file my_file17.txt (compact mmCIF, C-alpha atoms)
# COMPACT_ATOMS: atom_id res chain seq x y z
CA MET X 10 -19.37 -18.96 -0.97
CA SER X 11 -17.90 -16.54 1.58
CA THR X 12 -16.31 -13.23 0.63
CA LYS X 13 -14.37 -13.24 3.89
CA PRO X 14 -10.77 -14.44 3.80
CA SER X 15 -9.98 -17.43 5.98
CA SER X 16 -9.32 -16.63 9.64
CA VAL X 17 -6.56 -19.24 9.54
CA PHE X 18 -3.37 -17.70 8.22
CA GLN X 19 0.37 -17.99 8.45
CA THR X 20 2.69 -15.00 8.22
CA PRO X 21 4.55 -15.14 4.89
CA THR X 22 8.08 -16.45 5.30
CA TRP X 23 11.17 -15.07 3.60
CA GLU X 24 11.07 -18.05 1.26
CA THR X 25 7.47 -17.16 0.37
CA ILE X 26 8.50 -13.57 -0.36
CA GLN X 27 11.41 -14.72 -2.52
CA THR X 28 9.11 -17.04 -4.47
CA ALA X 29 6.63 -14.20 -4.95
CA HIS X 30 9.42 -11.97 -6.27
CA GLU X 31 10.54 -14.63 -8.74
CA ARG X 32 6.92 -15.07 -9.89
CA ILE X 33 6.19 -11.39 -10.50
CA ALA X 34 9.61 -10.05 -11.60
CA PRO X 35 9.11 -10.79 -15.33
CA ARG X 36 5.84 -8.84 -15.33
CA ILE X 37 6.45 -5.74 -13.21
CA HIS X 38 8.96 -2.89 -13.07
CA ARG X 39 11.88 -2.87 -10.68
CA THR X 40 11.15 0.73 -9.78
CA PRO X 41 13.90 3.30 -9.25
CA VAL X 42 15.09 4.70 -5.94
CA LEU X 43 15.32 8.51 -6.14
CA THR X 44 16.84 11.12 -3.86
CA SER X 45 16.48 14.88 -3.43
CA ALA X 46 19.20 17.07 -1.90
CA THR X 47 16.61 19.74 -1.09
CA ILE X 48 14.34 17.33 0.75
CA ASP X 49 17.33 15.88 2.60
CA VAL X 50 18.10 19.35 3.96
CA LEU X 51 14.48 19.98 4.94
CA CYS X 52 14.27 16.66 6.78
CA GLY X 53 17.75 16.59 8.27
CA ALA X 54 18.27 13.09 6.91
CA GLU X 55 19.26 11.15 3.82
CA ILE X 56 15.99 10.07 2.21
CA PHE X 57 15.68 7.26 -0.32
CA PHE X 58 12.37 7.18 -2.20
CA LYS X 59 11.26 3.80 -3.57
CA CYS X 60 9.15 5.04 -6.48
CA GLU X 61 6.19 2.68 -6.75
CA ASN X 62 4.33 5.63 -8.27
CA LEU X 63 6.30 4.67 -11.41
CA GLN X 64 5.17 1.04 -11.19
CA LYS X 65 2.89 -0.63 -13.73
CA THR X 66 -0.74 0.45 -13.13
CA GLY X 67 0.73 3.39 -11.17
CA SER X 68 1.12 1.77 -7.76
CA PHE X 69 2.68 -1.02 -5.71
CA LYS X 70 -0.61 -2.92 -5.87
CA ILE X 71 0.40 -4.76 -9.04
CA ARG X 72 2.95 -6.70 -6.98
CA GLY X 73 0.42 -8.37 -4.71
CA ALA X 74 -2.26 -8.73 -7.35
CA THR X 75 0.12 -10.43 -9.77
CA ASN X 76 1.44 -12.79 -7.10
CA ALA X 77 -2.06 -13.74 -5.95
CA ILE X 78 -3.60 -14.22 -9.39
CA PHE X 79 -0.66 -16.16 -10.81
CA SER X 80 -0.68 -18.38 -7.69
CA LEU X 81 -4.17 -19.65 -8.60
CA THR X 82 -4.70 -22.97 -10.30
CA ASP X 83 -6.07 -22.87 -13.83
CA GLU X 84 -9.41 -24.13 -12.51
CA GLU X 85 -9.60 -21.34 -9.91
CA ALA X 86 -8.51 -18.62 -12.32
CA ALA X 87 -11.05 -19.68 -14.93
CA ARG X 88 -13.85 -18.62 -12.55
CA GLY X 89 -12.64 -15.03 -12.75
CA ILE X 90 -11.54 -12.64 -10.02
CA ILE X 91 -13.53 -10.35 -7.74
CA THR X 92 -12.22 -7.71 -5.38
CA PRO X 93 -13.38 -4.60 -3.52
CA SER X 94 -11.14 -1.58 -4.08
CA SER X 95 -11.03 2.19 -3.84
CA GLY X 96 -8.98 2.19 -7.03
CA ASN X 97 -5.33 1.14 -7.17
CA HIS X 98 -5.86 -2.48 -6.15
CA GLY X 99 -8.79 -2.72 -8.55
CA ALA X 100 -6.66 -1.52 -11.45
CA ALA X 101 -3.90 -3.95 -10.48
CA VAL X 102 -6.30 -6.89 -10.26
CA ALA X 103 -7.88 -5.98 -13.60
CA CYS X 104 -4.43 -5.78 -15.21
CA ALA X 105 -3.11 -9.03 -13.70
CA ALA X 106 -6.37 -10.81 -14.55
CA ALA X 107 -6.00 -9.66 -18.16
CA TRP X 108 -2.46 -11.04 -18.20
CA ARG X 109 -3.89 -14.34 -16.94
CA GLY X 110 -6.68 -14.17 -19.51
CA VAL X 111 -9.59 -14.19 -17.05
CA PRO X 112 -12.35 -11.68 -16.19
CA ALA X 113 -12.24 -9.36 -13.19
CA TRP X 114 -15.14 -7.78 -11.28
CA ILE X 115 -14.20 -4.71 -9.21
CA VAL X 116 -16.45 -3.28 -6.47
CA MET X 117 -15.69 0.42 -6.04
CA PRO X 118 -17.15 3.18 -3.82
CA LYS X 119 -19.17 5.83 -5.59
CA ASN X 120 -16.72 8.50 -4.45
CA ALA X 121 -13.64 6.79 -5.92
CA PRO X 122 -11.54 9.19 -8.02
CA ALA X 123 -12.57 9.21 -11.66
CA VAL X 124 -8.98 8.67 -12.77
CA LYS X 125 -8.87 5.39 -10.84
CA CYS X 126 -12.21 4.24 -12.23
CA ARG X 127 -11.01 4.93 -15.76
CA ALA X 128 -7.85 2.93 -15.09
CA VAL X 129 -9.85 -0.11 -13.90
CA GLU X 130 -11.97 0.01 -17.05
CA ALA X 131 -8.93 0.52 -19.29
CA TYR X 132 -7.45 -2.73 -17.95
CA GLY X 133 -10.71 -4.55 -18.63
CA GLY X 134 -12.20 -4.59 -15.15
CA LYS X 135 -15.99 -4.65 -14.77
CA ILE X 136 -16.98 -2.07 -12.14
CA THR X 137 -19.92 -2.31 -9.73
CA TYR X 138 -20.33 0.81 -7.58
CA CYS X 139 -21.30 0.74 -3.91
CA GLU X 140 -21.85 3.26 -1.13
CA PRO X 141 -18.61 4.61 0.42
CA ARG X 142 -18.90 2.45 3.53
CA MET X 143 -17.09 -0.77 4.43
CA SER X 144 -20.40 -2.49 5.13
CA SER X 145 -21.75 -1.63 1.66
CA ARG X 146 -18.48 -2.69 0.04
CA ASN X 147 -18.61 -6.10 1.74
CA GLU X 148 -22.29 -6.65 0.95
CA THR X 149 -21.86 -5.73 -2.71
CA THR X 150 -18.77 -7.93 -3.06
CA ALA X 151 -20.65 -10.88 -1.54
CA ARG X 152 -23.54 -10.39 -3.97
CA ILE X 153 -21.35 -10.18 -7.07
CA GLN X 154 -19.29 -13.17 -5.97
CA ALA X 155 -22.45 -15.23 -5.45
CA GLU X 156 -23.67 -14.26 -8.93
CA THR X 157 -20.39 -14.97 -10.74
CA GLY X 158 -18.61 -17.65 -8.71
CA ALA X 159 -15.44 -15.58 -8.98
CA VAL X 160 -12.44 -16.05 -6.69
CA LEU X 161 -11.94 -13.31 -4.09
CA ILE X 162 -8.57 -11.56 -4.13
CA HIS X 163 -8.78 -9.35 -1.06
CA PRO X 164 -6.84 -6.06 -1.20
CA TYR X 165 -4.77 -6.83 1.90
CA ASP X 166 -6.25 -9.69 3.98
CA ASP X 167 -4.41 -12.33 1.95
CA ASP X 168 -0.97 -13.85 2.55
CA ARG X 169 -0.25 -13.89 -1.21
CA ILE X 170 -0.97 -10.17 -1.42
CA ILE X 171 1.28 -9.39 1.56
CA ALA X 172 4.11 -11.49 0.11
CA GLY X 173 3.84 -9.62 -3.18
CA GLN X 174 3.82 -6.20 -1.52
CA ALA X 175 6.87 -7.22 0.54
CA THR X 176 8.97 -7.25 -2.63
CA ALA X 177 9.04 -3.42 -2.78
CA ALA X 178 10.98 -3.08 0.48
CA LYS X 179 13.10 -6.08 -0.54
CA GLU X 180 14.21 -4.24 -3.67
CA LEU X 181 14.77 -0.99 -1.75
CA LEU X 182 17.13 -2.53 0.81
CA GLU X 183 18.89 -4.65 -1.78
CA GLU X 184 19.67 -1.47 -3.73
CA VAL X 185 20.62 1.08 -1.06
CA GLY X 186 21.97 -1.16 1.70
CA GLU X 187 21.45 -0.48 5.40
CA LEU X 188 18.86 2.05 6.50
CA ASP X 189 17.93 3.33 9.94
CA ALA X 190 14.20 3.30 9.21
CA VAL X 191 11.57 2.82 6.52
CA LEU X 192 8.29 4.75 6.36
CA SER X 193 5.27 3.47 4.47
CA PRO X 194 1.60 4.45 4.19
CA VAL X 195 -0.91 2.27 6.03
CA SER X 196 -4.53 1.53 5.20
CA GLY X 197 -5.53 -2.12 5.30
CA GLY X 198 -1.92 -2.90 6.10
CA GLY X 199 -0.86 -5.10 3.18
CA LEU X 200 2.01 -2.87 2.07
CA LEU X 201 3.13 -2.01 5.59
CA SER X 202 3.00 -5.65 6.70
CA GLY X 203 5.05 -6.70 3.71
CA THR X 204 7.49 -3.86 4.32
CA VAL X 205 7.99 -4.96 7.93
CA LEU X 206 8.56 -8.58 6.93
CA SER X 207 11.17 -7.81 4.27
CA ALA X 208 12.94 -5.06 6.20
CA LYS X 209 13.19 -7.03 9.44
CA HIS X 210 14.51 -10.10 7.62
CA LEU X 211 17.17 -8.21 5.70
CA GLN X 212 18.09 -5.90 8.56
CA PRO X 213 16.76 -7.07 11.97
CA GLY X 214 17.58 -3.80 13.74
CA ILE X 215 15.77 -1.53 11.30
CA GLN X 216 12.75 0.46 12.42
CA VAL X 217 9.59 0.49 10.32
CA PHE X 218 6.86 3.10 10.76
CA GLY X 219 3.42 3.47 9.26
CA CYS X 220 2.03 6.83 8.16
CA GLU X 221 -1.71 7.38 8.49
CA PRO X 222 -4.20 10.25 8.08
CA ALA X 223 -5.40 11.62 11.40
CA GLN X 224 -8.89 11.50 9.86
CA ALA X 225 -8.55 7.75 9.23
CA ASP X 226 -6.60 6.64 12.28
CA ASP X 227 -7.93 3.12 12.88
CA ALA X 228 -4.49 1.49 12.59
CA TYR X 229 -3.04 3.91 15.14
CA ARG X 230 -5.95 3.27 17.51
CA SER X 231 -5.70 -0.48 16.99
CA LEU X 232 -2.03 -0.59 17.93
CA GLN X 233 -2.52 1.78 20.85
CA SER X 234 -5.40 -0.23 22.30
CA GLY X 235 -4.12 -3.71 21.44
CA THR X 236 -7.45 -4.59 19.85
CA LEU X 237 -8.58 -4.22 16.26
CA GLN X 238 -10.49 -0.96 15.72
CA ALA X 239 -12.83 -0.70 12.73
CA MET X 240 -13.78 2.38 10.75
CA ASP X 241 -16.74 2.24 8.41
CA SER X 242 -15.98 5.43 6.46
CA SER X 243 -13.62 8.39 6.22
CA ASP X 244 -13.37 11.56 4.14
CA THR X 245 -9.59 11.94 4.12
CA ILE X 246 -8.01 13.32 0.95
CA ALA X 247 -5.84 10.18 0.95
CA ASP X 248 -8.54 8.11 -0.77
CA GLY X 249 -6.32 5.01 -0.89
CA LEU X 250 -6.03 4.95 2.92
CA ARG X 251 -9.67 4.63 3.92
CA ALA X 252 -9.68 0.88 4.68
CA SER X 253 -9.19 -0.71 8.10
CA LEU X 254 -6.67 -3.30 9.22
CA ALA X 255 -7.61 -6.98 9.15
CA GLN X 256 -6.72 -9.50 11.84
CA ARG X 257 -3.99 -10.83 9.54
CA THR X 258 -2.23 -7.49 9.02
CA PHE X 259 -2.89 -6.35 12.59
CA ALA X 260 -1.09 -9.42 13.95
CA ILE X 261 2.02 -8.72 11.84
CA LEU X 262 2.12 -5.01 12.66
CA ARG X 263 1.45 -5.49 16.36
CA ALA X 264 4.40 -7.87 16.59
CA GLN X 265 6.98 -5.95 14.57
CA LEU X 266 6.02 -2.34 13.77
CA SER X 267 7.93 0.47 15.49
CA GLY X 268 4.97 2.85 15.46
CA ILE X 269 2.56 4.97 13.41
CA PHE X 270 2.83 8.66 12.63
CA LEU X 271 -0.46 10.54 12.23
CA VAL X 272 -0.60 13.28 9.63
CA THR X 273 -3.10 16.09 9.04
CA GLU X 274 -4.78 16.75 5.70
CA GLU X 275 -2.76 19.96 5.26
CA GLU X 276 0.50 18.11 5.96
CA ILE X 277 -0.38 15.50 3.34
CA VAL X 278 -1.03 18.18 0.70
CA ASN X 279 2.17 20.05 1.58
CA ALA X 280 4.25 16.88 1.27
CA MET X 281 2.61 16.05 -2.05
CA MET X 282 3.33 19.52 -3.39
CA LEU X 283 6.95 19.35 -2.24
CA ILE X 284 7.53 16.05 -4.05
CA TRP X 285 6.00 17.41 -7.24
CA GLU X 286 8.00 20.64 -7.07
CA ARG X 287 11.40 19.25 -6.06
CA MET X 288 11.48 15.72 -7.46
CA LYS X 289 9.37 16.29 -10.58
CA VAL X 290 7.41 13.08 -10.07
CA ILE X 291 3.66 12.60 -9.65
CA THR X 292 2.48 11.19 -6.34
CA GLU X 293 -1.02 10.90 -4.97
CA PRO X 294 -1.96 12.01 -1.43
CA SER X 295 -1.95 8.40 -0.16
CA SER X 296 1.67 8.16 -1.31
CA ALA X 297 2.97 11.57 -0.22
CA ILE X 298 1.84 10.86 3.33
CA ALA X 299 5.00 8.81 3.91
CA LEU X 300 7.16 11.93 3.61
CA ALA X 301 4.91 14.21 5.67
CA PRO X 302 6.07 13.14 9.17
CA LEU X 303 9.74 13.81 8.32
CA LEU X 304 8.92 17.43 7.51
CA LYS X 305 8.21 17.92 11.22
CA PRO X 306 11.37 18.40 13.36
CA GLU X 307 10.03 16.30 16.22
CA THR X 308 9.74 13.15 14.12
CA LEU X 309 13.44 12.32 13.97
CA ALA X 310 13.55 12.39 17.77
CA LYS X 311 11.16 9.43 17.75
CA ILE X 312 13.44 7.35 15.52
CA VAL X 313 16.40 5.70 17.25
CA ILE X 314 19.45 6.42 15.11
CA PRO X 315 22.71 4.68 16.12
CA GLY X 316 25.59 7.15 15.91
CA SER X 317 23.16 9.99 15.22
CA LEU X 318 25.60 12.60 16.57
CA THR X 319 28.14 11.82 13.87
CA ARG X 320 26.01 11.25 10.77
CA LYS X 321 22.66 11.98 9.18
CA PRO X 322 19.96 9.32 9.53
CA LYS X 323 19.30 7.20 6.44
CA ILE X 324 15.58 6.67 5.88
CA GLY X 325 13.68 4.85 3.16
CA ILE X 326 10.24 5.95 2.01
CA ILE X 327 7.80 3.89 -0.03
CA LEU X 328 6.08 6.19 -2.52
CA SER X 329 3.12 3.89 -2.96
CA GLY X 330 1.31 5.35 -5.98
CA GLY X 331 0.86 8.15 -8.48
CA ASN X 332 -2.75 7.87 -9.65
CA VAL X 333 -4.15 11.33 -9.10
CA ASP X 334 -6.81 13.33 -10.94
CA LEU X 335 -4.81 16.10 -12.64
CA ARG X 336 -7.99 18.15 -13.02
CA ALA X 337 -8.65 18.20 -9.27
CA LEU X 338 -5.27 18.75 -7.63
CA PRO X 339 -5.56 19.54 -3.90
CA PHE X 340 -2.97 22.33 -4.00
CA VAL X 341 -4.54 24.27 -6.89
call {"tool": "encode", "arguments": {"input": "my_file17.txt", "output": "structure tokens"}}
result
Amino acid sequence: MSTKPSSVFQTPTWETIQTAHERIAPRIHRTPVLTSATIDVLCGAEIFFKCENLQKTGSFKIRGATNAIFSLTDEEAARGIITPSSGNHGAAVACAAAWRGVPAWIVMPKNAPAVKCRAVEAYGGKITYCEPRMSSRNETTARIQAETGAVLIHPYDDDRIIAGQATAAKELLEEVGELDAVLSPVSGGGLLSGTVLSAKHLQPGIQVFGCEPAQADDAYRSLQSGTLQAMDSSDTIADGLRASLAQRTFAILRAQLSGIFLVTEEEIVNAMMLIWERMKVITEPSSAIALAPLLKPETLAKIVIPGSLTRKPKIGIILSGGNVDLRALPFV
């Protein structure tokens, strides 16, 4: 039994995304969209924050996990679920599996934040630790799957996951109306791919940008080179952004993404601290990264804004998660 998702895939359609939203809506939060006058002034734009840090399990990941797990047949689900995860996806899978009444095995790197490990266990997930390398993660997942017969729910290389994640941007645009651009973190690309699909369907002229740590820049390099670039490990503070794109997400982003902004570790921490101070909400580094580029004056020049001389740009940001170790804050 292979742990690798099928190489045959079809980009989720709008109908697929709508069906996913109907499936998960009774179980998840429709998270709020917040604004900050202070941050608007600092960025020179109207910013609308889609607060997935206030989502169940503390991140957007519950959207995709719920859609994928509740798409399984009873026979498939009864075998249990296995997934590799640095934390947020693992917690979401454990939670959704508990809702479905089936076991979940989560393969996590040894350097995963303790707060995320505790969350996985609190939702009933059974953790197996591996070395903090993609190769070790894949090998460990394959071994556990062979031992248990569980069904693989990949963190991002799965059309059901992408369709579920797409519902965050769907809700954002349904609530605030037309935007000039949307910024989202990128790691394996599930959230960003879903964001592109929803945003481009609802507003074809919108621009969508990914935000990525300069110390984990495989998505940027992949799109620049036109070929998928792998990265076995990274030590970025944004622990949720250490995965690499898959062929599935790369194909979607290559076709429709406007670009990727690279952000330094210091810029990530500064953006995180600003959100905490001014908005009074908890975000993790992997989430705060989506604001970081807009705190640099040169970023707006890279976003095409119709009528920009007569109005402020309107930009949406996906705050992807809020699971952070309060005893090890990066700005303390």
call {"tool": "residues_around", "arguments": {"input": "my_file17.txt", "residues": "Leu271 of chain X", "least_positions_apart": "3", "cutoff": "7 Å", "atoms": "only C-alpha atoms", "output": "list in words"}}
result
Cys220, Glu221, Pro222 and Ala223 of chain X
call {"tool": "closest_residue", "arguments": {"input": "my_file17.txt", "among": "X:Gln233, X:Thr66, X:Thr176, X:Thr92", "to": "Glu31 of chain X", "atoms": "all atoms listed in the file"}}
result
X:Thr176
call {"tool": "atom_distance", "arguments": {"input": "my_file17.txt", "atom1": "atom CA of Thr258 of chain X", "atom2": "atom CA of Ala172 of chain X"}}
result
11.6 Å
call {"tool": "residues_around", "arguments": {"input": "my_file17.txt", "residues": "Ile78 of chain X", "least_positions_apart": "6", "cutoff": "8 Å", "atoms": "all atoms listed in the file", "output": "PyMOL selection string"}}
result
chain X and resi 86+102+105-106+109+162
call {"tool": "residues_around", "arguments": {"input": "my_file17.txt", "residues": "Ala101 of chain X", "least_positions_apart": "5", "cutoff": "12 Å", "atoms": "all atoms listed in the file", "output": "VMD selection string"}}
result
chain X and resid 36 to 37 64 to 78 90 to 96 106 to 108 113 to 115 125 to 126 128 to 134 162 to 164 170 330 332
call {"tool": "write_last_selection", "arguments": {"input": "my_file17.txt", "atoms": "C-alpha atoms", "output": "short mmCIF file (atom, residue, chain, number, x, y, z; two decimals), in the coordinates of the input"}}
result
data_model
loop_
_atom_site.label_atom_id
_atom_site.label_comp_id
_atom_site.auth_asym_id
_atom_site.auth_seq_id
_atom_site.Cartn_x
_atom_site.Cartn_y
_atom_site.Cartn_z
CA ARG X 36 5.84 -8.84 -15.33
CA ILE X 37 6.45 -5.74 -13.21
CA GLN X 64 5.17 1.04 -11.19
CA LYS X 65 2.89 -0.63 -13.73
CA THR X 66 -0.74 0.45 -13.13
CA GLY X 67 0.73 3.39 -11.17
CA SER X 68 1.12 1.77 -7.76
CA PHE X 69 2.68 -1.02 -5.71
CA LYS X 70 -0.61 -2.92 -5.87
CA ILE X 71 0.40 -4.76 -9.04
CA ARG X 72 2.95 -6.70 -6.98
CA GLY X 73 0.42 -8.37 -4.71
CA ALA X 74 -2.26 -8.73 -7.35
CA THR X 75 0.12 -10.43 -9.77
CA ASN X 76 1.44 -12.79 -7.10
CA ALA X 77 -2.06 -13.74 -5.95
CA ILE X 78 -3.60 -14.22 -9.39
CA ILE X 90 -11.54 -12.64 -10.02
CA ILE X 91 -13.53 -10.35 -7.74
CA THR X 92 -12.22 -7.71 -5.38
CA PRO X 93 -13.38 -4.60 -3.52
CA SER X 94 -11.14 -1.58 -4.08
CA SER X 95 -11.03 2.19 -3.84
CA GLY X 96 -8.98 2.19 -7.03
CA ALA X 106 -6.37 -10.81 -14.55
CA ALA X 107 -6.00 -9.66 -18.16
CA TRP X 108 -2.46 -11.04 -18.20
CA ALA X 113 -12.24 -9.36 -13.19
CA TRP X 114 -15.14 -7.78 -11.28
CA ILE X 115 -14.20 -4.71 -9.21
CA LYS X 125 -8.87 5.39 -10.84
CA CYS X 126 -12.21 4.24 -12.23
CA ALA X 128 -7.85 2.93 -15.09
CA VAL X 129 -9.85 -0.11 -13.90
CA GLU X 130 -11.97 0.01 -17.05
CA ALA X 131 -8.93 0.52 -19.29
CA TYR X 132 -7.45 -2.73 -17.95
CA GLY X 133 -10.71 -4.55 -18.63
CA GLY X 134 -12.20 -4.59 -15.15
CA ILE X 162 -8.57 -11.56 -4.13
CA HIS X 163 -8.78 -9.35 -1.06
CA PRO X 164 -6.84 -6.06 -1.20
CA ILE X 170 -0.97 -10.17 -1.42
CA GLY X 330 1.31 5.35 -5.98
CA ASN X 332 -2.75 7.87 -9.65
#
call {"tool": "residues_near_point", "arguments": {"input": "my_file17.txt", "point": "(-18.0, 3.1, -4.5)", "cutoff": "7 Å", "atoms": "only C-alpha atoms", "output": "list in words"}}
result
Val116, Met117, Pro118, Lys119, Asn120, Ala121, Tyr138, Cys139, Glu140 and Pro141 of chain X
call {"tool": "residues_around", "arguments": {"input": "my_file17.txt", "residues": "Ala301 of chain X", "least_positions_apart": "2", "cutoff": "12 Å", "atoms": "all atoms listed in the file", "output": "VMD selection string"}}
result
chain X and resid 48 51 to 52 192 to 194 219 to 222 270 to 284 294 to 299 303 to 308 326 328
call {"tool": "closest_residue", "arguments": {"input": "my_file17.txt", "among": "X:Val111, X:Ile153, X:Ala100, X:Ile33", "to": "Val124 of chain X", "atoms": "all atoms listed in the file"}}
result
X:Ala100
call {"tool": "closest_residue", "arguments": {"input": "my_file17.txt", "among": "X:Ile26, X:Leu43, X:Ala123, X:Cys104", "to": "Ala337 of chain X", "atoms": "all atoms listed in the file"}}
result
X:Ala123
call {"tool": "atom_distance", "arguments": {"input": "my_file17.txt", "atom1": "atom CA of Pro315 of chain X", "atom2": "atom CA of Asp189 of chain X"}}
result
7.9 Å
call {"tool": "atom_distance", "arguments": {"input": "my_file17.txt", "atom1": "atom CA of Ala190 of chain X", "atom2": "atom CA of Val217 of chain X"}}
result
5.5 Å
call {"tool": "axis_aligned_box", "arguments": {"input": "my_file17.txt", "around": "segment 56-67 of chain X", "padding_each_side": "6 Å", "output": "AutoDock Vina command-line options"}}
result
--center_x 7.6 --center_y 4.7 --center_z -5.8 --size_x 28.7 --size_y 22.7 --size_z 27.9
call {"tool": "residues_near_point", "arguments": {"input": "my_file17.txt", "point": "(-4.0, 12.8, -3.9)", "cutoff": "6 Å", "atoms": "all atoms listed in the file", "output": "ChimeraX atom specification"}}
result
/X:247,293-294,333
call {"tool": "closest_residue", "arguments": {"input": "my_file17.txt", "among": "X:Val195, X:Leu63, X:Ala252, X:Ala175", "to": "Asn147 of chain X", "atoms": "all atoms listed in the file"}}
result
X:Ala252
call {"tool": "decode", "arguments": {"input": "my_file17.txt", "residues": "segment 234-285 of chain X", "atoms": "C-alpha atoms", "output": "tab-separated table (two decimals), in the first residue's frame"}}
result
chain	number	residue	atom	x	y	z
X	234	SER	CA	12.59	27.79	-12.53
X	235	GLY	CA	9.41	26.19	-13.88
X	236	THR	CA	10.36	22.87	-12.32
X	237	LEU	CA	9.50	21.47	-8.91
X	238	GLN	CA	12.26	22.15	-6.37
X	239	ALA	CA	12.45	19.96	-3.27
X	240	MET	CA	13.74	20.86	0.17
X	241	ASP	CA	14.46	18.12	2.67
X	242	SER	CA	14.68	20.31	5.77
X	243	SER	CA	14.58	23.91	7.01
X	244	ASP	CA	15.07	25.69	10.32
X	245	THR	CA	12.73	28.64	9.73
X	246	ILE	CA	10.80	29.93	12.75
X	247	ALA	CA	7.65	29.39	10.66
X	248	ASP	CA	7.47	25.70	11.58
X	249	GLY	CA	4.24	25.20	9.61
X	250	LEU	CA	5.95	26.25	6.36
X	251	ARG	CA	8.73	23.68	6.12
X	252	ALA	CA	7.09	21.37	3.56
X	253	SER	CA	7.65	21.47	-0.20
X	254	LEU	CA	5.13	21.80	-3.00
X	255	ALA	CA	3.74	18.67	-4.65
X	256	GLN	CA	3.15	18.26	-8.37
X	257	ARG	CA	-0.58	18.79	-7.74
X	258	THR	CA	-0.22	22.13	-5.95
X	259	PHE	CA	2.66	23.25	-8.18
X	260	ALA	CA	0.49	22.82	-11.27
X	261	ILE	CA	-2.29	25.00	-9.82
X	262	LEU	CA	0.06	27.72	-8.60
X	263	ARG	CA	2.13	27.79	-11.77
X	264	ALA	CA	-1.01	28.36	-13.82
X	265	GLN	CA	-2.73	31.00	-11.70
X	266	LEU	CA	-0.54	32.52	-8.96
X	267	SER	CA	0.56	36.15	-9.34
X	268	GLY	CA	3.82	35.61	-7.45
X	269	ILE	CA	5.54	34.83	-4.14
X	270	PHE	CA	6.95	37.28	-1.64
X	271	LEU	CA	9.97	36.09	0.36
X	272	VAL	CA	10.23	37.20	3.97
X	273	THR	CA	13.12	37.15	6.44
X	274	GLU	CA	12.90	35.62	9.90
X	275	GLU	CA	13.06	39.08	11.50
X	276	GLU	CA	10.23	40.33	9.28
X	277	ILE	CA	8.08	37.36	10.29
X	278	VAL	CA	8.62	38.06	13.99
X	279	ASN	CA	7.93	41.78	13.56
X	280	ALA	CA	4.66	41.09	11.74
X	281	MET	CA	3.63	38.60	14.40
X	282	MET	CA	4.34	41.10	17.17
X	283	LEU	CA	2.40	43.83	15.35
X	284	ILE	CA	-0.69	41.64	15.02
X	285	TRP	CA	-0.54	40.70	18.69
